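Visitor: Structure file structure-v4.csv (CSV, C-alpha atoms) right here:
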chain,number,residue,atom,x,y,z
I,1,MET,CA,26.3,9.5,3.1
I,2,THR,CA,23.8,11.7,1.2
I,3,ASP,CA,23.1,12.5,-2.4
I,4,THR,CA,20.6,14.5,-4.3
I,5,THR,CA,20.0,13.9,-8.0
I,6,ALA,CA,17.5,14.5,-10.8
I,7,LEU,CA,16.1,11.4,-12.4
I,8,PRO,CA,15.8,10.3,-15.1
I,9,ALA,CA,18.8,11.7,-16.8
I,10,SER,CA,16.7,13.3,-19.5
I,11,ALA,CA,14.6,15.2,-16.9
I,12,PRO,CA,15.3,18.9,-16.1
I,13,PRO,CA,18.0,19.5,-13.4
I,14,ALA,CA,17.0,19.0,-9.8
I,15,ASP,CA,15.3,22.1,-8.5
I,16,PRO,CA,17.7,23.6,-5.9
I,17,ALA,CA,14.8,24.6,-3.5
I,18,THR,CA,13.4,21.1,-3.7
I,19,ALA,CA,16.8,19.6,-3.2
I,20,ARG,CA,17.3,21.7,0.0
I,21,LEU,CA,13.9,20.8,1.2
I,22,LEU,CA,14.5,17.1,0.8
I,23,ALA,CA,17.9,17.3,2.5
I,24,GLU,CA,16.4,19.1,5.5
I,25,ALA,CA,13.6,16.6,5.7
I,26,ALA,CA,15.9,13.6,5.6
I,27,GLY,CA,17.8,15.0,8.5
I,28,ARG,CA,14.7,14.5,10.7
I,29,ILE,CA,14.5,10.8,10.0
I,30,ASP,CA,16.6,8.4,12.0
I,31,ALA,CA,17.3,5.3,9.9
I,32,PRO,CA,20.3,3.6,8.3
I,33,ASP,CA,18.9,4.3,4.8
I,34,VAL,CA,16.5,7.0,3.8
I,35,VAL,CA,15.1,7.9,0.3
I,36,LEU,CA,12.9,10.9,-0.3
I,37,ALA,CA,11.7,11.5,-3.8
I,38,VAL,CA,9.5,14.2,-5.3
I,39,SER,CA,8.1,14.4,-8.8
I,40,ARG,CA,6.7,17.7,-10.2
I,41,ASN,CA,5.0,17.0,-13.5
I,42,GLY,CA,7.6,14.2,-14.2
I,43,ALA,CA,10.7,16.2,-13.2
I,44,ARG,CA,12.2,14.2,-10.3
I,45,THR,CA,14.4,15.2,-7.4
I,46,VAL,CA,15.6,12.3,-5.2
I,47,HIS,CA,17.6,12.6,-2.0
I,48,THR,CA,19.2,9.6,-0.4
I,49,GLY,CA,20.9,9.5,3.0
I,50,GLY,CA,20.8,7.8,6.4
I,51,SER,CA,23.2,6.8,9.2
I,52,ALA,CA,24.7,3.9,7.3
I,53,GLU,CA,27.4,4.0,4.7
I,54,PRO,CA,25.8,3.6,1.2
I,55,GLY,CA,26.2,0.2,-0.4
I,56,PRO,CA,27.3,-0.8,-3.9
I,57,VAL,CA,23.7,-0.4,-5.2
I,58,PRO,CA,22.2,3.2,-5.0
I,59,ARG,CA,19.5,3.3,-2.3
I,60,GLU,CA,16.9,4.5,-4.8
I,61,LEU,CA,17.5,1.4,-6.9
I,62,LEU,CA,16.9,-1.1,-4.1
I,63,ALA,CA,13.5,-2.7,-3.7
I,64,HIS,CA,11.9,-1.7,-0.4
I,65,GLU,CA,9.1,-3.4,1.5
I,66,LEU,CA,5.9,-1.3,1.3
I,67,GLY,CA,3.8,-3.1,3.9
I,68,SER,CA,0.4,-1.6,4.0
I,69,ALA,CA,1.3,0.9,1.2
I,70,SER,CA,0.8,-2.2,-1.0
I,71,LYS,CA,-3.0,-1.6,-0.7
I,72,PRO,CA,-3.2,1.1,-3.4
I,73,TYR,CA,-1.8,-1.5,-5.9
I,74,ALA,CA,-4.6,-3.9,-4.8
I,75,GLY,CA,-7.1,-1.1,-5.2
I,76,LEU,CA,-6.0,-0.2,-8.7
I,77,LEU,CA,-6.1,-3.9,-9.7
I,78,LEU,CA,-9.7,-4.2,-8.5
I,79,ALA,CA,-10.7,-1.0,-10.2
I,80,ARG,CA,-9.2,-2.2,-13.5
I,81,LEU,CA,-10.9,-5.6,-13.4
I,82,VAL,CA,-14.2,-3.8,-12.8
I,83,ALA,CA,-13.5,-1.5,-15.7
I,84,GLN,CA,-12.9,-4.5,-17.9
I,85,GLY,CA,-16.2,-6.1,-16.7
I,86,ARG,CA,-14.6,-9.1,-15.2
I,87,VAL,CA,-15.9,-8.5,-11.7
I,88,ARG,CA,-18.2,-5.9,-10.0
I,89,TYR,CA,-17.7,-4.0,-6.8
I,90,GLU,CA,-20.9,-5.4,-5.5
I,91,ASP,CA,-20.0,-9.0,-6.2
I,92,ARG,CA,-20.1,-11.1,-3.0
I,93,ALA,CA,-16.8,-12.5,-2.0
I,94,ALA,CA,-18.1,-15.8,-0.5
I,95,ASP,CA,-19.9,-16.5,-3.7
I,96,LEU,CA,-16.7,-16.1,-5.8
I,97,LEU,CA,-14.5,-17.9,-3.3
I,98,ALA,CA,-16.6,-20.9,-2.4
I,99,PRO,CA,-20.0,-21.0,-4.2
I,100,GLY,CA,-22.6,-22.9,-2.0
I,101,PHE,CA,-20.4,-23.0,1.0
I,102,PRO,CA,-22.5,-22.4,4.2
I,103,VAL,CA,-21.3,-19.1,5.8
I,104,HIS,CA,-22.7,-16.6,8.3
I,105,PRO,CA,-25.4,-14.3,6.8
I,106,ALA,CA,-23.2,-11.3,7.4
I,107,VAL,CA,-20.3,-12.9,5.6
I,108,ARG,CA,-22.6,-13.7,2.7
I,109,ARG,CA,-23.3,-9.9,2.4
I,110,ILE,CA,-19.6,-8.9,2.2
I,111,THR,CA,-18.8,-7.5,-1.2
I,112,LEU,CA,-15.5,-6.7,-2.9
I,113,ARG,CA,-16.0,-3.0,-2.2
I,114,HIS,CA,-16.5,-3.8,1.5
I,115,LEU,CA,-13.2,-5.7,1.6
I,116,LEU,CA,-11.1,-3.0,0.0
I,117,THR,CA,-12.7,0.0,1.9
I,118,HIS,CA,-12.3,-1.6,5.3
I,119,THR,CA,-16.1,-1.7,5.8
I,120,SER,CA,-16.6,-5.5,5.8
I,121,GLY,CA,-17.0,-5.8,9.6
I,122,LEU,CA,-14.0,-8.2,9.7
I,123,PRO,CA,-11.3,-7.6,12.4
I,124,GLY,CA,-7.8,-6.4,11.5
I,125,LEU,CA,-6.5,-10.0,11.5
I,126,PRO,CA,-8.2,-13.4,12.0
I,127,ALA,CA,-8.7,-14.3,15.7
I,128,ASP,CA,-6.6,-17.5,15.3
I,129,PHE,CA,-3.7,-15.6,13.8
I,130,TYR,CA,-2.2,-14.5,17.1
I,131,PRO,CA,-1.4,-17.8,18.8
I,132,GLN,CA,0.9,-18.8,16.0
I,133,ALA,CA,2.3,-15.3,15.4
I,134,VAL,CA,3.1,-14.1,18.9
I,135,PRO,CA,6.0,-16.5,19.5
I,136,ARG,CA,7.8,-15.1,16.4
I,137,TRP,CA,6.3,-11.6,16.4
I,138,SER,CA,9.6,-9.9,15.8
I,139,THR,CA,10.9,-12.3,13.1
I,140,ASP,CA,8.2,-13.9,11.1
I,141,PRO,CA,4.6,-13.4,12.3
I,142,TYR,CA,2.8,-13.9,8.9
I,143,GLY,CA,4.8,-16.7,7.3
I,144,GLY,CA,3.0,-19.5,9.2
I,145,TYR,CA,-0.4,-18.4,8.1
I,146,PRO,CA,-0.9,-19.5,4.5
I,147,ALA,CA,-3.5,-18.5,1.9
I,148,GLU,CA,-5.8,-21.4,2.5
I,149,ARG,CA,-6.0,-20.6,6.2
I,150,VAL,CA,-6.9,-16.9,5.4
I,151,VAL,CA,-9.7,-18.2,3.1
I,152,ARG,CA,-10.9,-20.7,5.7
I,153,ALA,CA,-10.9,-18.0,8.5
I,154,PHE,CA,-13.0,-15.8,6.2
I,155,LEU,CA,-15.6,-18.4,5.4
I,156,ARG,CA,-16.0,-19.2,9.1
I,157,ALA,CA,-16.0,-15.6,10.3
I,158,ARG,CA,-18.6,-13.8,12.4
I,159,PRO,CA,-18.2,-10.1,11.4
I,160,ARG,CA,-18.3,-7.6,14.3
I,161,HIS,CA,-20.6,-5.3,12.4
I,162,ARG,CA,-23.0,-5.4,9.5
I,163,PRO,CA,-21.0,-4.9,6.3
I,164,GLY,CA,-21.0,-1.3,5.1
I,165,THR,CA,-21.9,0.3,8.4
I,166,ARG,CA,-18.5,0.9,10.1
I,167,TRP,CA,-14.9,1.6,9.0
I,168,HIS,CA,-12.3,-0.7,10.6
I,169,TYR,CA,-8.8,-1.0,9.1
I,170,SER,CA,-8.3,-4.7,8.2
I,171,ASN,CA,-5.4,-6.5,6.7
I,172,PHE,CA,-7.5,-9.6,6.9
I,173,ALA,CA,-10.2,-8.1,4.6
I,174,VAL,CA,-7.8,-6.9,1.9
I,175,SER,CA,-6.0,-10.2,1.9
I,176,VAL,CA,-9.4,-12.0,1.3
I,177,LEU,CA,-9.9,-9.6,-1.6
I,178,GLY,CA,-6.7,-10.8,-3.2
I,179,HIS,CA,-7.7,-14.5,-2.9
I,180,THR,CA,-11.2,-13.7,-4.2
I,181,LEU,CA,-9.9,-11.9,-7.3
I,182,ALA,CA,-7.6,-14.8,-7.9
I,183,ALA,CA,-10.5,-17.3,-7.7
I,184,ALA,CA,-12.8,-15.1,-9.8
I,185,THR,CA,-10.2,-14.8,-12.6
I,186,GLY,CA,-8.5,-18.2,-12.3
I,187,THR,CA,-5.2,-16.4,-12.1
I,188,PRO,CA,-2.7,-16.3,-9.2
I,189,TRP,CA,-2.6,-12.9,-7.4
I,190,GLU,CA,1.0,-12.3,-8.3
I,191,VAL,CA,0.4,-12.9,-12.0
I,192,LEU,CA,-2.8,-10.9,-11.9
I,193,LEU,CA,-1.1,-7.9,-10.4
I,194,HIS,CA,1.7,-8.1,-12.9
I,195,GLN,CA,-0.7,-8.4,-15.9
I,196,GLN,CA,-3.1,-5.7,-14.8
I,197,VAL,CA,-1.0,-3.1,-13.0
I,198,LEU,CA,2.8,-3.6,-13.0
I,199,ALA,CA,3.4,-4.4,-16.7
I,200,PRO,CA,1.0,-1.7,-18.1
I,201,LEU,CA,2.6,1.0,-15.9
I,202,ARG,CA,6.1,-0.3,-16.7
I,203,LEU,CA,6.9,-1.0,-13.0
I,204,ASP,CA,9.8,-3.3,-13.8
I,205,ALA,CA,11.3,-3.0,-10.4
I,206,THR,CA,8.2,-3.8,-8.4
I,207,ARG,CA,7.4,-7.3,-7.2
I,208,VAL,CA,5.7,-9.3,-4.4
I,209,ARG,CA,8.6,-11.6,-3.6
I,210,PRO,CA,12.1,-10.9,-2.5
I,211,GLY,CA,14.5,-10.3,-5.4
I,212,PRO,CA,18.1,-11.5,-5.8
I,213,GLU,CA,20.6,-10.8,-3.1
I,214,GLY,CA,21.9,-7.3,-3.2
I,215,ALA,CA,18.8,-6.0,-4.9
I,216,GLU,CA,16.7,-5.6,-1.7
I,217,ALA,CA,16.9,-3.0,1.0
I,218,VAL,CA,17.6,-4.5,4.4
I,219,GLY,CA,15.3,-3.4,7.3
I,220,HIS,CA,16.5,-2.8,10.8
I,221,ARG,CA,15.1,-2.9,14.3
I,222,ARG,CA,15.3,0.1,16.6
I,223,ASP,CA,18.7,-1.0,17.9
I,224,GLY,CA,20.1,-1.4,14.4
I,225,THR,CA,19.9,-5.1,14.2
I,226,PRO,CA,19.1,-6.3,10.6
I,227,VAL,CA,15.6,-7.8,10.0
I,228,PRO,CA,15.0,-10.8,7.7
I,229,ALA,CA,13.0,-10.1,4.5
I,230,LEU,CA,9.3,-10.2,5.2
I,231,ASP,CA,7.2,-13.3,4.4
I,232,THR,CA,3.5,-12.2,4.2
I,233,GLY,CA,2.1,-15.7,4.1
I,234,GLY,CA,-1.5,-15.6,3.0
I,235,PHE,CA,-1.7,-11.8,3.4
I,236,THR,CA,0.0,-11.0,0.1
I,237,ALA,CA,-2.6,-8.5,-1.2
I,238,ALA,CA,-2.5,-6.5,2.0
I,239,GLY,CA,1.3,-6.0,2.3
I,240,ALA,CA,3.7,-7.9,0.0
I,241,VAL,CA,4.6,-5.3,-2.6
I,242,ARG,CA,8.3,-4.5,-2.9
I,243,ALA,CA,9.4,-1.5,-5.1
I,244,THR,CA,12.2,0.8,-5.7
I,245,PRO,CA,11.6,4.5,-4.8
I,246,LEU,CA,11.8,5.3,-8.5
I,247,ASP,CA,9.1,2.7,-9.4
I,248,MET,CA,7.0,4.1,-6.5
I,249,LEU,CA,7.3,7.6,-8.2
I,250,THR,CA,6.2,6.0,-11.6
I,251,PHE,CA,3.2,4.5,-9.9
I,252,LEU,CA,2.3,7.8,-8.3
I,253,GLU,CA,2.9,9.9,-11.5
I,254,ALA,CA,0.2,7.8,-13.2
I,255,HIS,CA,-2.3,8.8,-10.5
I,256,ALA,CA,-1.2,12.4,-10.3
I,257,GLY,CA,-1.8,13.1,-14.0
I,258,GLY,CA,1.2,11.6,-15.7
I,259,PRO,CA,1.4,10.7,-19.4
I,260,GLU,CA,-1.9,10.0,-21.2
I,261,LEU,CA,-2.8,6.3,-21.1
I,262,THR,CA,-3.9,4.5,-24.3
I,263,ASP,CA,-5.8,1.8,-22.4
I,264,PRO,CA,-9.3,3.1,-21.5
I,265,THR,CA,-9.8,0.6,-18.7
I,266,LEU,CA,-6.5,1.6,-16.9
I,267,ALA,CA,-7.4,5.3,-17.3
I,268,ALA,CA,-10.9,4.6,-15.9
I,269,ALA,CA,-9.4,2.7,-13.0
I,270,LEU,CA,-7.0,5.5,-12.1
I,271,ALA,CA,-9.9,8.0,-12.1
I,272,GLU,CA,-12.0,5.7,-10.0
I,273,VAL,CA,-9.4,5.2,-7.2
I,274,ARG,CA,-9.0,9.0,-7.0
I,275,ARG,CA,-12.7,9.6,-6.4
I,276,PRO,CA,-13.8,10.4,-2.7
I,277,LEU,CA,-16.0,7.6,-1.7
I,278,LEU,CA,-16.8,7.5,2.1
I,279,ARG,CA,-16.3,9.3,5.3
I,280,ARG,CA,-15.4,8.2,8.8
I,281,GLY,CA,-14.2,9.4,12.2
I,282,LEU,CA,-15.5,12.0,14.5
I,283,ARG,CA,-18.2,14.1,12.7
I,284,HIS,CA,-17.1,12.1,9.6
I,285,THR,CA,-14.2,14.4,8.9
I,286,HIS,CA,-12.0,11.8,7.4
I,287,THR,CA,-12.5,11.1,3.7
I,288,HIS,CA,-11.4,8.0,1.8
I,289,THR,CA,-11.3,7.0,-1.8
I,290,LEU,CA,-11.6,3.4,-2.9
I,291,THR,CA,-8.0,2.8,-1.7
I,292,TRP,CA,-6.4,6.1,-0.6
I,293,PHE,CA,-6.6,8.3,2.5
I,294,HIS,CA,-7.9,11.7,1.3
I,295,HIS,CA,-7.0,14.8,3.3
I,296,PRO,CA,-7.3,18.6,2.6
I,297,SER,CA,-4.2,20.7,2.4
I,298,PRO,CA,-3.4,24.4,1.7
I,299,TYR,CA,-2.7,23.4,-1.9
I,300,GLY,CA,-5.7,21.1,-2.5
I,301,PRO,CA,-6.6,17.6,-1.6
I,302,VAL,CA,-3.9,15.0,-1.0
I,303,LEU,CA,-4.1,11.3,-1.4
I,304,PHE,CA,-1.7,9.0,0.4
I,305,HIS,CA,-1.0,5.7,2.1
I,306,ALA,CA,1.8,4.7,4.5
I,307,GLY,CA,3.0,1.2,5.4
I,308,ALA,CA,5.5,-0.5,7.6
I,309,THR,CA,7.0,-4.0,8.0
I,310,LEU,CA,9.2,-5.3,10.8
I,311,GLY,CA,12.1,-3.1,9.8
I,312,GLN,CA,11.1,-0.8,7.0
I,313,GLN,CA,8.7,2.0,6.3
I,314,ALA,CA,7.2,3.5,3.1
I,315,PHE,CA,5.0,6.4,2.1
I,316,LEU,CA,3.1,7.1,-1.1
I,317,GLY,CA,1.3,10.3,-1.8
I,318,PHE,CA,0.2,12.7,-4.5
I,319,ARG,CA,-1.9,15.8,-5.2
I,320,PRO,CA,-4.4,15.2,-8.0
I,321,GLY,CA,-4.2,17.5,-10.9
I,322,THR,CA,-1.1,19.2,-9.7
I,323,GLY,CA,1.6,16.8,-10.9
I,324,LEU,CA,3.1,16.5,-7.4
I,325,ALA,CA,4.0,13.1,-6.0
I,326,VAL,CA,6.0,12.1,-3.0
I,327,ALA,CA,7.6,8.7,-2.4
I,328,ALA,CA,9.6,7.9,0.7
I,329,THR,CA,11.3,4.9,2.3
I,330,ALA,CA,13.3,4.2,5.5
I,331,THR,CA,15.1,1.1,6.7
I,332,ARG,CA,14.2,1.3,10.3
I,333,ARG,CA,10.8,1.2,12.1
I,334,VAL,CA,10.5,3.1,15.4
I,335,HIS,CA,7.1,2.8,17.0
I,336,ARG,CA,7.3,5.8,19.4
I,337,GLY,CA,8.5,9.2,18.5
I,338,ASP,CA,9.0,8.2,14.9
I,339,THR,CA,9.1,11.2,12.4
I,340,PHE,CA,9.1,9.3,9.1
I,341,VAL,CA,5.4,9.5,8.2
I,342,ALA,CA,5.0,13.0,9.5
I,343,THR,CA,8.0,14.2,7.5
I,344,ALA,CA,6.8,12.6,4.3
I,345,TYR,CA,3.3,13.8,4.8
I,346,GLY,CA,4.6,17.3,5.3
I,347,LEU,CA,6.4,17.2,2.0
I,348,LEU,CA,3.2,16.3,0.3
I,349,THR,CA,0.9,18.9,2.1
I,350,GLU,CA,3.3,21.8,2.6
I,351,THR,CA,5.2,21.9,-0.6
I,352,PRO,CA,3.9,24.7,-2.9
Show me the file's structure as structure tokens.
Guide:
Amino acid sequence: MTDTTALPASAPPADPATARLLAEAAGRIDAPDVVLAVSRNGARTVHTGGSAEPGPVPRELLAHELGSASKPYAGLLLARLVAQGRVRYEDRAADLLAPGFPVHPAVRRITLRHLLTHTSGLPGLPADFYPQAVPRWSTDPYGGYPAERVVRAFLRARPRHRPGTRWHYSNFAVSVLGHTLAAATGTPWEVLLHQQVLAPLRLDATRVRPGPEGAEAVGHRRDGTPVPALDTGGFTAAGAVRATPLDMLTFLEAHAGGPELTDPTLAAALAEVRRPLLRRGLRHTHTHTLTWFHHPSPYGPVLFHAGATLGQQAFLGFRPGTGLAVAATATRRVHRGDTFVATAYGLLTETP
């Protein structure tokens, strides 16, 4: 039920020490399907395993739900549009979404940067999200809350704090960013993401909607019951990306110092999302970039983001300038005592 390979076929053979490290790490994760993948300057080692029997499609070739690990894709998209001069970080979202619409003064001050960096003052989700979501919390909490309702909730919002003064993680805010960029460019979010991020980085196995049957990983509840594919409703930018672990590595390799890019706006965007931008937490010890969590490690700073859906988990991380990238997926979400994020994070921070 486990396998360790080097990918692609033209890459150097899997490093035995890395292969052993991934196999040991996978043993600490309780899930039907587990994929742990490491890239060192483009040489990939991928370990697949889990408690379930492998299916006809290798686990590393199945698209997994990234949940909140979708946000780095939204961040890179915004950074590239800024590099192209199509929008500015300080553009006000309400002015782009609904020019002239009467909004609360604090909403009027919310910029694209505020939305992406979780400093907009908006709550994690709209207040009226929960009544429709709670009855189907374990099956489809987002599908009944479409895009127009997200936009309407934003335009009617009363932010808890003045924009730019406090950090509060918000799926609501990043979703509003997606709708704002679509309005500003006259291009649907899915098309915009493909044009600006997925196609240029050759992420052919990354998408925001479920693919054909058999091409998607199936999530599971704690008791092993399969979970339906996630419908993110109007919260697409905050959590709808689906990608194979191999495509996740390609995305990370571009950030970690992969092949030189010929497009200057994409290169500028990748540099921008790596730059430390703000601090939060007790004594401001937590650092963030435009879109990544930024922590120290014995081998230098690490940038990462984790995500979870109803039955899947994902982790993306890299060490700038070292060529090290870690991608991980699991097809079970356990809320208490779960080791998935800690295990993937350890591979990123403790691997020489």
Visitor: Nearest to Thr185 in chain I among I:Gly100, I:Val82, I:Leu324, I:Ala267, with distances taken over only C-alpha atoms: which residue is it?
Guide: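 Smallest distance to Thr185 in chain I is found for I:Val82.
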Visitor: Residues of range 52-119 of chain I that approach range 201-220 of chain I to 10 Å or less, counting only C-alpha atoms: could you list each one with the shortest pair of atoms and its distance in Å to one decimal, rows by chain and increasing residue number, as JSON lines?
Guide:
{"residue": "I:Gly55", "atom": "CA", "partner": "I:Gly214", "partner_atom": "CA", "distance": 9.1}
{"residue": "I:Pro56", "atom": "CA", "partner": "I:Gly214", "partner_atom": "CA", "distance": 8.5}
{"residue": "I:Val57", "atom": "CA", "partner": "I:Gly214", "partner_atom": "CA", "distance": 7.4}
{"residue": "I:Pro58", "atom": "CA", "partner": "I:Ala215", "partner_atom": "CA", "distance": 9.8}
{"residue": "I:Arg59", "atom": "CA", "partner": "I:Ala217", "partner_atom": "CA", "distance": 7.6}
{"residue": "I:Glu60", "atom": "CA", "partner": "I:Ala217", "partner_atom": "CA", "distance": 9.5}
{"residue": "I:Leu61", "atom": "CA", "partner": "I:Ala215", "partner_atom": "CA", "distance": 7.8}
{"residue": "I:Leu62", "atom": "CA", "partner": "I:Glu216", "partner_atom": "CA", "distance": 5.1}
{"residue": "I:Ala63", "atom": "CA", "partner": "I:Glu216", "partner_atom": "CA", "distance": 4.8}
{"residue": "I:His64", "atom": "CA", "partner": "I:Ala217", "partner_atom": "CA", "distance": 5.4}
{"residue": "I:Glu65", "atom": "CA", "partner": "I:Ala217", "partner_atom": "CA", "distance": 7.8}
{"residue": "I:Leu66", "atom": "CA", "partner": "I:Val208", "partner_atom": "CA", "distance": 9.8}
{"residue": "I:Ser70", "atom": "CA", "partner": "I:Val208", "partner_atom": "CA", "distance": 9.3}
Visitor: Give me the range 80-138 of chain I side of the contact with range 228-251 of chain I, cut-off 12 Å, one line per residue showing its nearest atom pair and distance in Å at one decimal, counting all atoms listed in the file, sorted by chain and residue number, as a Markdown table.
Guide:
| residue | atom | partner | partner_atom | distance |
| --- | --- | --- | --- | --- |
| I:Leu115 | CA | I:Ala238 | CA | 10.7 |
| I:Leu116 | CA | I:Ala238 | CA | 9.5 |
| I:His118 | CA | I:Ala238 | CA | 11.4 |
| I:Gly124 | CA | I:Ala238 | CA | 10.9 |
| I:Leu125 | CA | I:Phe235 | CA | 9.6 |
| I:Pro126 | CA | I:Phe235 | CA | 10.9 |
| I:Phe129 | CA | I:Gly234 | CA | 11.0 |
| I:Ala133 | CA | I:Gly233 | CA | 11.3 |
| I:Trp137 | CA | I:Leu230 | CA | 11.7 |
| I:Ser138 | CA | I:Pro228 | CA | 9.8 |
Visitor: One decimal, in Å: what's the spacing between CA of Ala327 in chain I and CA of His284 in chain I?
Guide: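 So the two atoms, CA of Ala327 in chain I and CA of His284 in chain I, lie 27.7 Å apart.
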Visitor: Do you have, as CSV, the list of residues of range 63-177 of chain I lying at most 6 Å from range 294-307 of chain I, each with its nearest atom pair and that distance in Å to one decimal, counting only C-alpha atoms and ordered by chain then number?
Guide:
residue,atom,partner,partner_atom,distance
I:Leu66,CA,I:Gly307,CA,5.6
I:Gly67,CA,I:Gly307,CA,4.6
I:Ser68,CA,I:Gly307,CA,4.1
I:Ala69,CA,I:Gly307,CA,4.5
Visitor: Using C-alpha atoms, can you export the residues from the last selection as an mmCIF file, in the coordinates of the input?
Guide:
data_model
loop_
_atom_site.group_PDB
_atom_site.id
_atom_site.type_symbol
_atom_site.label_atom_id
_atom_site.label_comp_id
_atom_site.auth_asym_id
_atom_site.auth_seq_id
_atom_site.Cartn_x
_atom_site.Cartn_y
_atom_site.Cartn_z
ATOM 1 C CA LEU I 66 5.900 -1.300 1.300
ATOM 2 C CA GLY I 67 3.800 -3.100 3.900
ATOM 3 C CA SER I 68 0.400 -1.600 4.000
ATOM 4 C CA ALA I 69 1.300 0.900 1.200
#
